[in-house]
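Okay, query-v3.cif now, which holds mmCIF, C-alpha atoms and all ligand atoms:
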data_model
#
loop_
_atom_site.label_atom_id
_atom_site.label_comp_id
_atom_site.auth_asym_id
_atom_site.auth_seq_id
_atom_site.Cartn_x
_atom_site.Cartn_y
_atom_site.Cartn_z
CA MET A 1 20.71 17.30 7.59
CA LYS A 2 22.81 17.44 4.45
CA ILE A 3 22.09 14.59 2.03
CA ASP A 4 25.55 13.36 1.06
CA ARG A 5 24.80 10.19 -0.88
CA ILE A 6 21.84 8.34 -2.41
CA THR A 7 21.98 4.73 -3.55
CA LEU A 8 19.55 2.87 -5.80
CA ARG A 9 19.27 -0.89 -5.99
CA GLN A 10 16.83 -2.69 -8.22
CA VAL A 11 15.97 -5.97 -6.55
CA GLN A 12 14.11 -9.02 -7.72
CA VAL A 13 12.49 -11.65 -5.48
CA PRO A 14 10.03 -14.44 -6.24
CA LEU A 15 6.70 -14.41 -4.39
CA LYS A 16 5.95 -17.60 -2.43
CA ALA A 17 2.98 -18.09 -4.73
CA PRO A 18 1.71 -16.04 -7.68
CA PHE A 19 -0.81 -13.32 -6.80
CA GLU A 20 -3.64 -12.69 -9.27
CA THR A 21 -5.88 -9.65 -9.61
CA SER A 22 -8.38 -8.66 -12.30
CA PHE A 23 -5.50 -7.01 -14.22
CA GLY A 24 -3.11 -9.95 -14.19
CA ARG A 25 -0.93 -12.41 -12.35
CA MET A 26 2.31 -11.51 -10.56
CA ALA A 27 4.95 -14.10 -9.74
CA ARG A 28 7.76 -11.92 -8.53
CA LYS A 29 8.56 -8.60 -7.01
CA ASN A 30 10.77 -6.19 -8.87
CA CYS A 31 11.36 -2.86 -7.14
CA VAL A 32 13.90 -0.18 -6.28
CA ILE A 33 15.37 0.14 -2.79
CA VAL A 34 16.48 3.71 -2.16
CA GLY A 35 19.13 4.53 0.47
CA VAL A 36 19.48 8.18 1.53
CA TYR A 37 22.65 8.96 3.54
CA SER A 38 23.56 11.79 5.89
CA ASP A 39 26.14 11.98 8.68
CA GLY A 40 26.87 8.25 8.56
CA MET A 41 23.19 7.28 8.85
CA VAL A 42 20.94 5.78 6.18
CA GLY A 43 17.19 5.94 5.61
CA TYR A 44 15.43 3.42 3.35
CA GLY A 45 12.58 3.66 0.89
CA GLU A 46 11.03 1.04 -1.41
CA SER A 47 9.28 1.69 -4.72
CA VAL A 48 5.84 0.12 -5.07
CA ALA A 49 5.13 0.10 -8.81
CA PHE A 50 5.06 -3.25 -10.58
CA SER A 51 7.14 -4.20 -13.60
CA HIS A 52 4.07 -3.60 -15.82
CA PRO A 53 1.74 -0.57 -16.13
CA TYR A 54 -1.50 -2.44 -15.33
CA TYR A 55 -2.26 -1.15 -11.82
CA ASN A 56 -1.17 2.40 -12.66
CA GLU A 57 0.99 4.03 -15.31
CA GLU A 58 4.32 3.76 -13.47
CA THR A 59 6.65 0.77 -13.72
CA THR A 60 9.90 -0.16 -11.99
CA ASP A 61 11.77 1.08 -15.06
CA THR A 62 10.00 4.47 -15.13
CA ILE A 63 10.78 4.83 -11.44
CA TRP A 64 14.44 4.02 -12.03
CA TYR A 65 14.54 6.59 -14.84
CA MET A 66 12.92 9.32 -12.71
CA LEU A 67 15.20 8.58 -9.78
CA GLU A 68 18.38 8.53 -11.84
CA HIS A 69 17.62 11.61 -13.96
CA TYR A 70 15.53 13.87 -11.71
CA LEU A 71 15.06 12.81 -8.10
CA VAL A 72 18.55 11.77 -7.03
CA PRO A 73 20.24 14.77 -8.76
CA GLY A 74 17.51 17.02 -7.29
CA LEU A 75 18.11 15.93 -3.71
CA VAL A 76 21.75 14.93 -3.34
CA GLY A 77 23.87 17.65 -1.70
CA LYS A 78 20.77 19.47 -0.41
CA GLU A 79 20.14 20.52 3.16
CA VAL A 80 16.83 19.10 4.48
CA THR A 81 15.26 20.20 7.76
CA ARG A 82 11.89 18.40 7.62
CA PRO A 83 10.78 15.47 5.43
CA GLU A 84 7.71 17.49 4.36
CA GLU A 85 10.10 19.60 2.26
CA ILE A 86 10.58 16.73 -0.21
CA SER A 87 7.12 17.03 -1.80
CA ASP A 88 7.73 20.77 -2.19
CA LEU A 89 11.18 20.16 -3.69
CA PHE A 90 9.61 17.96 -6.39
CA ALA A 91 6.32 19.84 -6.75
CA SER A 92 7.14 20.83 -10.34
CA ILE A 93 7.28 17.18 -11.44
CA ARG A 94 3.94 15.99 -12.83
CA ARG A 95 2.67 12.68 -11.41
CA ASN A 96 5.37 9.97 -11.03
CA HIS A 97 4.06 9.67 -7.48
CA MET A 98 5.53 6.25 -6.81
CA ALA A 99 8.99 7.42 -7.90
CA ILE A 100 8.78 10.46 -5.62
CA ALA A 101 7.43 8.37 -2.72
CA SER A 102 10.33 5.91 -2.97
CA ILE A 103 12.82 8.69 -2.12
CA GLU A 104 10.48 10.69 0.17
CA THR A 105 9.86 7.70 2.43
CA ALA A 106 13.63 7.13 2.69
CA VAL A 107 14.04 10.73 3.88
CA TRP A 108 11.34 10.16 6.55
CA ASP A 109 13.19 7.08 7.81
CA LEU A 110 16.48 8.98 7.86
CA TYR A 111 14.90 11.97 9.65
CA ALA A 112 13.39 9.74 12.34
CA LYS A 113 16.71 7.90 12.82
CA GLN A 114 18.64 11.17 13.12
CA ASN A 115 16.22 12.34 15.80
CA ASP A 116 16.24 8.91 17.46
CA ILE A 117 12.45 8.56 17.25
CA SER A 118 10.28 5.97 15.55
CA LEU A 119 8.79 6.72 12.14
CA SER A 120 5.37 6.44 13.76
CA GLN A 121 6.33 9.17 16.24
CA ALA A 122 7.73 11.35 13.46
CA LEU A 123 4.36 11.10 11.69
CA GLY A 124 2.31 11.80 14.81
CA GLY A 125 1.04 8.23 15.16
CA VAL A 126 -0.97 7.31 18.25
CA ILE A 127 -1.81 3.61 17.78
CA GLN A 128 0.67 1.13 19.29
CA GLU A 129 -0.79 -2.10 17.94
CA ILE A 130 -2.54 -2.33 14.59
CA GLU A 131 -5.07 -4.95 13.54
CA VAL A 132 -4.28 -6.38 10.14
CA GLY A 133 -6.17 -7.88 7.24
CA VAL A 134 -5.06 -9.91 4.26
CA SER A 135 -5.65 -9.67 0.53
CA ILE A 136 -6.41 -12.94 -1.26
CA GLY A 137 -5.89 -13.34 -4.99
CA ILE A 138 -8.00 -14.86 -7.74
CA GLU A 139 -7.47 -18.62 -8.18
CA SER A 140 -8.42 -21.17 -10.82
CA SER A 141 -11.37 -22.27 -8.68
CA VAL A 142 -13.64 -20.89 -5.97
CA GLU A 143 -12.65 -23.80 -3.72
CA LEU A 144 -8.98 -22.71 -3.77
CA VAL A 145 -9.97 -19.20 -2.65
CA VAL A 146 -12.07 -20.70 0.17
CA GLN A 147 -9.05 -22.77 1.24
CA ASN A 148 -6.86 -19.67 1.31
CA VAL A 149 -9.45 -17.80 3.36
CA GLU A 150 -9.46 -20.71 5.81
CA ARG A 151 -5.66 -20.61 6.14
CA PHE A 152 -5.68 -16.87 6.88
CA VAL A 153 -8.62 -17.13 9.30
CA GLU A 154 -6.52 -19.70 11.20
CA GLN A 155 -3.58 -17.27 11.24
CA GLY A 156 -5.84 -14.72 12.90
CA TYR A 157 -6.19 -12.06 10.20
CA LYS A 158 -8.92 -9.63 11.24
CA ARG A 159 -10.35 -8.89 7.80
CA MET A 160 -10.42 -10.89 4.58
CA LYS A 161 -10.30 -9.18 1.21
CA VAL A 162 -10.86 -11.24 -1.90
CA LYS A 163 -10.06 -10.15 -5.41
CA ILE A 164 -12.94 -10.40 -7.86
CA LYS A 165 -13.47 -9.99 -11.60
CA PRO A 166 -16.49 -10.45 -13.89
CA GLY A 167 -17.49 -14.11 -13.74
CA PHE A 168 -15.52 -14.68 -10.54
CA ASP A 169 -17.45 -12.58 -8.04
CA ILE A 170 -20.82 -13.63 -6.59
CA ARG A 171 -19.85 -17.32 -6.49
CA VAL A 172 -16.70 -16.56 -4.51
CA VAL A 173 -18.48 -14.40 -1.96
CA GLU A 174 -21.35 -16.85 -1.67
CA ALA A 175 -18.99 -19.77 -1.04
CA ILE A 176 -17.07 -17.85 1.63
CA ARG A 177 -20.27 -16.80 3.41
CA LYS A 178 -21.57 -20.35 3.24
CA ARG A 179 -18.39 -21.76 4.75
CA PHE A 180 -17.54 -19.07 7.37
CA GLY A 181 -20.89 -17.42 8.12
CA ASP A 182 -22.11 -13.84 7.92
CA ASP A 183 -19.90 -12.41 10.65
CA LEU A 184 -16.49 -12.94 9.03
CA PRO A 185 -15.18 -9.43 8.21
CA LEU A 186 -15.14 -9.68 4.43
CA MET A 187 -14.70 -7.27 1.52
CA VAL A 188 -13.97 -7.48 -2.20
CA ASP A 189 -11.57 -5.62 -4.51
CA ALA A 190 -12.30 -5.43 -8.25
CA ASN A 191 -9.32 -3.31 -9.37
CA SER A 192 -11.51 -1.47 -11.88
CA ALA A 193 -12.84 -4.56 -13.65
CA TYR A 194 -16.47 -3.41 -13.96
CA THR A 195 -18.51 -0.66 -15.62
CA LEU A 196 -21.86 0.86 -14.69
CA LYS A 197 -23.49 -1.72 -16.99
CA ASP A 198 -22.50 -4.28 -14.36
CA ALA A 199 -24.48 -2.45 -11.64
CA PRO A 200 -26.93 -5.40 -11.27
CA ILE A 201 -24.04 -7.74 -10.32
CA LEU A 202 -22.57 -5.19 -7.94
CA LYS A 203 -26.03 -4.66 -6.39
CA GLU A 204 -26.27 -8.39 -5.91
CA LEU A 205 -23.17 -8.13 -3.69
CA ASP A 206 -25.28 -5.96 -1.34
CA HIS A 207 -26.82 -9.18 0.02
CA TYR A 208 -23.59 -10.51 1.50
CA ASN A 209 -22.89 -8.09 4.35
CA LEU A 210 -19.58 -6.94 2.88
CA LEU A 211 -17.53 -4.29 4.70
CA MET A 212 -17.01 -2.52 1.37
CA ILE A 213 -16.48 -2.93 -2.37
CA GLU A 214 -13.08 -1.56 -3.41
CA GLN A 215 -12.57 0.21 -6.76
CA PRO A 216 -15.28 -1.50 -8.81
CA LEU A 217 -15.21 1.03 -11.72
CA ALA A 218 -12.58 2.77 -13.87
CA HIS A 219 -9.18 3.63 -12.36
CA ASP A 220 -9.61 7.31 -13.26
CA ASP A 221 -13.25 7.74 -12.29
CA ILE A 222 -15.00 9.41 -9.38
CA ILE A 223 -18.23 10.42 -11.16
CA GLU A 224 -19.62 6.99 -11.97
CA HIS A 225 -18.54 5.67 -8.57
CA ALA A 226 -20.83 8.31 -7.05
CA ALA A 227 -23.69 7.10 -9.24
CA LEU A 228 -22.97 3.53 -8.18
CA GLN A 229 -22.71 4.44 -4.48
CA ARG A 230 -26.22 5.91 -4.69
CA GLU A 231 -27.45 2.47 -5.79
CA LEU A 232 -25.62 0.45 -3.15
CA ARG A 233 -25.98 -0.09 0.58
CA THR A 234 -22.43 -1.45 0.77
CA PRO A 235 -19.83 1.32 1.10
CA VAL A 236 -17.68 1.92 -1.96
CA CYS A 237 -13.95 2.27 -1.19
CA LEU A 238 -11.64 4.04 -3.64
CA ASP A 239 -8.07 2.91 -4.30
CA GLU A 240 -6.78 3.59 -7.88
CA SER A 241 -8.81 6.83 -8.28
CA ILE A 242 -7.13 8.75 -5.44
CA HIS A 243 -3.74 10.34 -6.24
CA THR A 244 -3.88 13.69 -4.45
CA LEU A 245 -5.47 15.52 -1.56
CA ALA A 246 -7.70 17.27 -4.10
CA ASP A 247 -8.83 13.90 -5.52
CA ALA A 248 -9.74 12.82 -2.00
CA ARG A 249 -11.68 16.03 -1.36
CA HIS A 250 -13.56 15.77 -4.67
CA ALA A 251 -14.45 12.11 -4.04
CA ILE A 252 -15.79 12.93 -0.58
CA ASP A 253 -17.71 16.00 -1.86
CA LEU A 254 -19.32 13.88 -4.59
CA ASP A 255 -20.01 10.93 -2.24
CA SER A 256 -18.06 8.67 -4.62
CA CYS A 257 -16.86 6.57 -1.69
CA ARG A 258 -17.60 6.18 2.01
CA ILE A 259 -14.23 4.61 2.86
CA MET A 260 -10.76 5.37 1.49
CA ASN A 261 -7.74 3.16 0.87
CA ILE A 262 -4.51 5.14 1.33
CA LYS A 263 -1.36 3.90 -0.39
CA ILE A 264 1.80 5.91 0.27
CA GLY A 265 3.20 5.37 -3.23
CA ARG A 266 0.00 6.20 -5.09
CA VAL A 267 -0.26 9.60 -3.37
CA GLY A 268 3.43 10.53 -3.68
CA GLY A 269 4.69 9.91 -0.17
CA LEU A 270 4.05 9.93 3.56
CA ALA A 271 3.39 13.67 3.88
CA ASN A 272 0.58 13.52 1.30
CA ALA A 273 -0.74 10.28 2.81
CA LYS A 274 -0.94 11.97 6.19
CA ASN A 275 -2.74 14.99 4.71
CA ILE A 276 -5.33 12.72 3.08
CA HIS A 277 -5.70 10.89 6.38
CA ASP A 278 -6.31 14.20 8.18
CA LEU A 279 -8.90 15.31 5.62
CA CYS A 280 -10.76 11.99 5.89
CA LEU A 281 -10.73 12.26 9.69
CA GLU A 282 -12.24 15.74 9.47
CA ARG A 283 -14.88 14.56 6.97
CA GLY A 284 -15.83 11.36 8.83
CA ILE A 285 -14.43 8.96 6.21
CA PRO A 286 -12.67 5.94 7.75
CA VAL A 287 -9.39 4.97 6.07
CA TRP A 288 -7.19 1.88 5.88
CA CYS A 289 -3.72 1.27 4.53
CA GLY A 290 -3.47 -0.51 1.19
CA GLY A 291 -0.63 -2.80 0.15
CA MET A 292 1.43 -3.27 -3.03
CA LEU A 293 3.04 -6.63 -2.23
CA GLU A 294 5.83 -4.73 -0.50
CA LEU A 295 8.96 -6.18 1.00
CA GLY A 296 9.71 -5.29 4.61
CA ILE A 297 10.87 -1.71 4.05
CA GLY A 298 7.68 -0.67 2.29
CA ARG A 299 5.60 -2.68 4.75
CA LEU A 300 7.21 -0.91 7.74
CA HIS A 301 6.38 2.47 6.22
CA ASN A 302 2.78 1.19 5.92
CA VAL A 303 2.79 0.04 9.56
CA ALA A 304 3.98 3.46 10.73
CA LEU A 305 1.32 5.22 8.63
CA SER A 306 -1.33 2.86 10.04
CA SER A 307 -0.57 4.17 13.53
CA LEU A 308 -2.41 7.45 12.74
CA SER A 309 -5.74 7.74 14.53
CA ASN A 310 -8.19 7.43 11.62
CA PHE A 311 -6.80 4.08 10.39
CA SER A 312 -9.79 2.39 11.98
CA ILE A 313 -10.15 -0.53 9.55
CA PRO A 314 -7.54 -3.34 9.33
CA GLY A 315 -5.38 -2.74 6.24
CA ASP A 316 -3.52 -4.96 3.76
CA VAL A 317 -0.50 -5.00 6.05
CA SER A 318 0.06 -8.74 6.27
CA ALA A 319 3.20 -10.23 7.86
CA SER A 320 6.43 -11.04 5.95
CA LYS A 321 5.61 -14.73 5.59
CA ARG A 322 2.44 -13.94 3.60
CA PHE A 323 4.52 -13.36 0.45
CA TRP A 324 8.21 -14.01 1.24
CA GLU A 325 10.39 -16.97 2.16
CA GLN A 326 12.77 -14.45 3.62
CA ASP A 327 12.23 -10.71 3.97
CA ILE A 328 14.93 -8.04 3.58
CA VAL A 329 14.29 -6.67 7.07
CA GLU A 330 15.59 -8.38 10.17
CA PRO A 331 13.65 -9.53 12.08
CA GLY A 332 10.85 -10.10 9.57
CA ILE A 333 7.42 -8.59 10.27
CA MET A 334 5.55 -10.94 12.58
CA MET A 335 2.29 -10.86 14.46
CA VAL A 336 2.53 -10.33 18.21
CA ARG A 337 -0.90 -11.90 18.64
CA PRO A 338 -3.21 -13.35 16.00
CA GLY A 339 -4.07 -10.53 13.57
CA VAL A 340 -2.06 -7.91 15.43
CA LEU A 341 1.23 -6.18 14.57
CA SER A 342 2.98 -3.95 17.04
CA VAL A 343 4.16 -0.59 15.73
CA PRO A 344 7.97 -0.55 16.11
CA THR A 345 9.33 1.82 18.77
CA GLY A 346 12.97 1.71 17.61
CA ALA A 347 14.40 4.57 15.55
CA GLY A 348 13.01 5.04 12.01
CA ILE A 349 11.28 2.02 10.47
CA GLY A 350 12.49 0.11 13.54
CA HIS A 351 13.91 -3.04 11.92
CA ASP A 352 17.36 -3.51 10.41
CA VAL A 353 17.76 -4.01 6.68
CA CYS A 354 19.76 -7.15 5.93
CA GLU A 355 22.50 -5.82 3.65
CA GLU A 356 23.63 -9.28 2.65
CA ARG A 357 20.18 -10.34 1.43
CA LEU A 358 19.75 -7.02 -0.30
CA GLU A 359 23.06 -7.61 -2.07
CA ARG A 360 21.96 -11.07 -3.19
CA MET A 361 18.67 -9.78 -4.67
CA THR A 362 20.23 -6.80 -6.48
CA ILE A 363 20.20 -6.77 -10.30
CA ARG A 364 21.14 -3.09 -10.93
CA MET A 365 22.82 -0.31 -8.95
CA PHE A 366 23.28 3.45 -9.16
CA GLN A 367 24.70 6.01 -6.80
CA GLY A 368 24.59 9.78 -6.56
CA ILE A 369 27.26 11.51 -4.47
CA ALA A 370 27.24 15.16 -3.41
O1 LIG B 1 -5.55 -3.18 -5.33
O2 LIG B 1 -4.92 -3.28 -3.33
C1 LIG B 1 -4.77 -3.58 -4.52
C2 LIG B 1 -1.85 -6.02 -4.77
C3 LIG B 1 -1.36 -5.71 -6.00
C4 LIG B 1 -1.98 -4.74 -6.75
C5 LIG B 1 -3.10 -4.07 -6.25
C6 LIG B 1 -3.60 -4.37 -4.99
C7 LIG B 1 -2.98 -5.39 -4.26
C8 LIG B 1 -3.48 -5.80 -2.96
C9 LIG B 1 -2.59 -5.71 -1.77
O3 LIG B 1 -4.60 -6.18 -2.80
C10 LIG B 1 -1.96 -6.99 -1.35
C11 LIG B 1 -0.90 -6.78 -0.30
O4 LIG B 1 0.05 -6.00 -0.52
O5 LIG B 1 -0.97 -7.44 0.73
MG MG B 2 -7.13 -2.20 -4.37
#
Turn this file's structure into structure tokens for me.
Amino acid sequence: MKIDRITLRQVQVPLKAPFETSFGRMARKNCVIVGVYSDGMVGYGESVAFSHPYYNEETTDTIWYMLEHYLVPGLVGKEVTRPEEISDLFASIRRNHMAIASIETAVWDLYAKQNDISLSQALGGVIQEIEVGVSIGIESSVELVVQNVERFVEQGYKRMKVKIKPGFDIRVVEAIRKRFGDDLPLMVDANSAYTLKDAPILKELDHYNLLMIEQPLAHDDIIEHAALQRELRTPVCLDESIHTLADARHAIDLDSCRIMNIKIGRVGGLANAKNIHDLCLERGIPVWCGGMLELGIGRLHNVALSSLSNFSIPGDVSASKRFWEQDIVEPGIMMVRPGVLSVPTGAGIGHDVCEERLERMTIRMFQGIA
């Protein structure tokens, strides 16, 4: 397929309620929707960086810059046979994984649509219905977190993940266990808020039957995570530390984690995400799909990825109504049964993008024409 046009739209949407992690509070989504056109068809991608560099170094503005100056000019007018070619095309660009992923995922959607297959099929997915979990932010009190857990238990989510930070950790987990018992599938995510000096607190968490502890230590570390894993019974899961297939291999070799969170944006696209998935399968490391407060386009890419066989743990792939009054895909992403999403079988991401809503949310536009 010849890529004849690429459109960029920066969109802004308020979250239903602010979402707080150890690195800060987010009240709205600000991202780039990429449209890649060929032969009258369009594929969509969604950037996943935030407007600040506190999760990783990219921001919506750095993504816009990379797209406008490197990625759109590098792709428009080109002939593409397979979506895997996109990572090769941009292999000389250092990092900027989320920028590359925003355009790479659009090419995957377009490729699947042109071949009239679902994105899941294009990726080699085998799971038709995925079990989903939910990520629950830090609140001003433990009681508010417990109330949120209760709401999501009622909605049927299969796994609860609560955000923790120093001083807001053991008490949260203890209160949830006290209220819901030891069998509730529960995990915590620290987003790099601790150091090895905090090992006693993290060891304390071993007593609460957690599924895993996600990214307790530095965002760029795999050495100290290995030291910590040796001290813990609870599996460590890495998120921020994994950017490449090599990172994944090193982390597994060092036993820095026993579970891996795969985010399409963080690893530079679906092809790399799939390669990391395949490695983890081979090495006996279960994986799950992380979330970045995506709108429907990004979420549908996550759903398709989650249909690969080693996604054996419910991911952060919550339904549209978790964060949005109204999503940009039509219909919105809804559970078919409590805690279960069906993997779309229609072409590409499988839901339509509502052009009118997209238009309303747009604050900046750019277009590259062959
Ligand atoms: O670490 O997984 C994370 C949200 C924002 C920034 C970082 C993370 C998260 C989540 C995912 O926990 C929430 C979601 O998209 O449902
Ligand atoms: Mg995380």
>> When you look at A:Ile100 with a cut-off of 10 Å (counting all atoms listed in the file), what residues show up, excluding the ones that are within fewer than 5 positions of it in the same chain? I need them as a ChimeraX atom specification.
In response: /A:47,63,66-67,70-72,86-87,90-91,93,95,105,265-269
>> Any residue with an atom at most 6 Å from ligand MG 2 (chain B) counts, using all atoms listed in the file. Which are they? Put them as a list in words.
In response: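 Based on all atoms listed in the file, ligand MG 2 (chain B) is surrounded within 6 Å by Asp189, Asn191 and Asp239 of chain A.
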>> Can you tell me which residues surround stretch 323-325 of chain A at a distance of at most 7 Å, considering only C-alpha atoms, apart from same-chain residues fewer than 3 positions away, and format the answer as a PyMOL selection string?
In response: chain A and resi 15-16+320
> Within 12 Å of A:Val142, counting only C-alpha atoms, which residues qualify if same-chain residues fewer than 6 places away don't, as a PyMOL selection string?
Replying inline: chain A and resi 136+148-149+162-164+167-176+179
How would the residues just picked look written out with C-alpha atoms as a PDB file, in the coordinates of the input?
ATOM      1  CA  ILE A 136      -6.410 -12.940  -1.260  1.00  0.00           C
ATOM      2  CA  ASN A 148      -6.860 -19.670   1.310  1.00  0.00           C
ATOM      3  CA  VAL A 149      -9.450 -17.800   3.360  1.00  0.00           C
ATOM      4  CA  VAL A 162     -10.860 -11.240  -1.900  1.00  0.00           C
ATOM      5  CA  LYS A 163     -10.060 -10.150  -5.410  1.00  0.00           C
ATOM      6  CA  ILE A 164     -12.940 -10.400  -7.860  1.00  0.00           C
ATOM      7  CA  GLY A 167     -17.490 -14.110 -13.740  1.00  0.00           C
ATOM      8  CA  PHE A 168     -15.520 -14.680 -10.540  1.00  0.00           C
ATOM      9  CA  ASP A 169     -17.450 -12.580  -8.040  1.00  0.00           C
ATOM     10  CA  ILE A 170     -20.820 -13.630  -6.590  1.00  0.00           C
ATOM     11  CA  ARG A 171     -19.850 -17.320  -6.490  1.00  0.00           C
ATOM     12  CA  VAL A 172     -16.700 -16.560  -4.510  1.00  0.00           C
ATOM     13  CA  VAL A 173     -18.480 -14.400  -1.960  1.00  0.00           C
ATOM     14  CA  GLU A 174     -21.350 -16.850  -1.670  1.00  0.00           C
ATOM     15  CA  ALA A 175     -18.990 -19.770  -1.040  1.00  0.00           C
ATOM     16  CA  ILE A 176     -17.070 -17.850   1.630  1.00  0.00           C
ATOM     17  CA  ARG A 179     -18.390 -21.760   4.750  1.00  0.00           C
TER      18      ARG A 179
END
>> as a ChimeraX atom specification, please: every protein or nucleic acid residue near ligand LIG 1 (chain B) (cut-off 10 Å, counting all atoms listed in the file).
In response: /A:19-26,48-50,54-56,133-137,161-163,188-192,214-215,238-240,261-263,289-295,298-299,315-320,322-323
Please, could you write that set of residues out with C-alpha atoms as a tab-separated table (two decimals), in the frame of the given file?
chain	number	residue	atom	x	y	z
A	19	PHE	CA	-0.81	-13.32	-6.80
A	20	GLU	CA	-3.64	-12.69	-9.27
A	21	THR	CA	-5.88	-9.65	-9.61
A	22	SER	CA	-8.38	-8.66	-12.30
A	23	PHE	CA	-5.50	-7.01	-14.22
A	24	GLY	CA	-3.11	-9.95	-14.19
A	25	ARG	CA	-0.93	-12.41	-12.35
A	26	MET	CA	2.31	-11.51	-10.56
A	48	VAL	CA	5.84	0.12	-5.07
A	49	ALA	CA	5.13	0.10	-8.81
A	50	PHE	CA	5.06	-3.25	-10.58
A	54	TYR	CA	-1.50	-2.44	-15.33
A	55	TYR	CA	-2.26	-1.15	-11.82
A	56	ASN	CA	-1.17	2.40	-12.66
A	133	GLY	CA	-6.17	-7.88	7.24
A	134	VAL	CA	-5.06	-9.91	4.26
A	135	SER	CA	-5.65	-9.67	0.53
A	136	ILE	CA	-6.41	-12.94	-1.26
A	137	GLY	CA	-5.89	-13.34	-4.99
A	161	LYS	CA	-10.30	-9.18	1.21
A	162	VAL	CA	-10.86	-11.24	-1.90
A	163	LYS	CA	-10.06	-10.15	-5.41
A	188	VAL	CA	-13.97	-7.48	-2.20
A	189	ASP	CA	-11.57	-5.62	-4.51
A	190	ALA	CA	-12.30	-5.43	-8.25
A	191	ASN	CA	-9.32	-3.31	-9.37
A	192	SER	CA	-11.51	-1.47	-11.88
A	214	GLU	CA	-13.08	-1.56	-3.41
A	215	GLN	CA	-12.57	0.21	-6.76
A	238	LEU	CA	-11.64	4.04	-3.64
A	239	ASP	CA	-8.07	2.91	-4.30
A	240	GLU	CA	-6.78	3.59	-7.88
A	261	ASN	CA	-7.74	3.16	0.87
A	262	ILE	CA	-4.51	5.14	1.33
A	263	LYS	CA	-1.36	3.90	-0.39
A	289	CYS	CA	-3.72	1.27	4.53
A	290	GLY	CA	-3.47	-0.51	1.19
A	291	GLY	CA	-0.63	-2.80	0.15
A	292	MET	CA	1.43	-3.27	-3.03
A	293	LEU	CA	3.04	-6.63	-2.23
A	294	GLU	CA	5.83	-4.73	-0.50
A	295	LEU	CA	8.96	-6.18	1.00
A	298	GLY	CA	7.68	-0.67	2.29
A	299	ARG	CA	5.60	-2.68	4.75
A	315	GLY	CA	-5.38	-2.74	6.24
A	316	ASP	CA	-3.52	-4.96	3.76
A	317	VAL	CA	-0.50	-5.00	6.05
A	318	SER	CA	0.06	-8.74	6.27
A	319	ALA	CA	3.20	-10.23	7.86
A	320	SER	CA	6.43	-11.04	5.95
A	322	ARG	CA	2.44	-13.94	3.60
A	323	PHE	CA	4.52	-13.36	0.45
>> Give me, as a ChimeraX atom specification, all polymer residues having an atom no more than 12 Å from A:Leu89, counting all atoms listed in the file and skipping those fewer than 5 positions away in the same chain.
In response: /A:70-76,78-80,82-84,100,103-104
Could you save the residues just selected, with C-alpha atoms, as a JSON list (two decimals), in the frame of the given file?
[["chain", "number", "residue", "atom", "x", "y", "z"],
["A", 70, "TYR", "CA", 15.53, 13.87, -11.71],
["A", 71, "LEU", "CA", 15.06, 12.81, -8.10],
["A", 72, "VAL", "CA", 18.55, 11.77, -7.03],
["A", 73, "PRO", "CA", 20.24, 14.77, -8.76],
["A", 74, "GLY", "CA", 17.51, 17.02, -7.29],
["A", 75, "LEU", "CA", 18.11, 15.93, -3.71],
["A", 76, "VAL", "CA", 21.75, 14.93, -3.34],
["A", 78, "LYS", "CA", 20.77, 19.47, -0.41],
["A", 79, "GLU", "CA", 20.14, 20.52, 3.16],
["A", 80, "VAL", "CA", 16.83, 19.10, 4.48],
["A", 82, "ARG", "CA", 11.89, 18.40, 7.62],
["A", 83, "PRO", "CA", 10.78, 15.47, 5.43],
["A", 84, "GLU", "CA", 7.71, 17.49, 4.36],
["A", 100, "ILE", "CA", 8.78, 10.46, -5.62],
["A", 103, "ILE", "CA", 12.82, 8.69, -2.12],
["A", 104, "GLU", "CA", 10.48, 10.69, 0.17]]
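In this model, the gap between atom CA of A:Arg151 and atom CA of A:Ile213 comes to 22.4 Å.
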> Rounded to one decimal in Å, what is the spacing between atom CA of A:Asp255 and atom CA of A:Pro200?
Replying inline: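 Computed distance, atom CA of A:Asp255 to atom CA of A:Pro200, equals 19.9 Å.
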> Suppose you want the space between atom CA of A:Gly350 and atom CA of A:Leu123; what is it in Å?
Replying inline: 13.8 Å
> Around (8.9, -5.7, 9.9) in the file's own coordinates, what residues are found within 8 Å if you use all atoms listed in the file, given back as a ChimeraX atom specification?
Replying inline: /A:296-297,299-300,319-320,329-334,350-351
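Of the listed residues (A:Gln121, A:Ser256, A:Gln326, A:Gln155), A:Gln121 comes nearest to A:Val343; the distances count all atoms listed in the file.
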>> Neighbouring residues of A:Val287 were defined as those with any atom within 8 Å, considering all atoms listed in the file; residues of the same chain fewer than 4 positions away were excluded. Please report them as number ranges by chain.
In response: A: 259-262, 277, 280, 310-313
> At most 7 Å from (1.2, 2.7, 13.0), file frame, all atoms listed in the file: which residues, as number ranges by chain?
Replying inline: A: 120, 125, 127-128, 130, 303-308, 343
>> Here is a test: counting all atoms listed in the file, which residue of A:Ala218, A:Cys237, A:Met98, A:Met335 is nearest to A:Lys158?
In response: A:Met335
> Which residue, A:Val107, A:Cys31, A:Ala227, A:Ala17, has the smallest gap to A:Ile3 when you use only C-alpha atoms?
Replying inline: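 Nearest to A:Ile3: A:Val107.
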> Smallest atom-to-atom distance to A:Ala273: which of A:Thr244, A:Thr7, A:Ser102, A:Ser118, using all atoms listed in the file?
Replying inline: A:Thr244
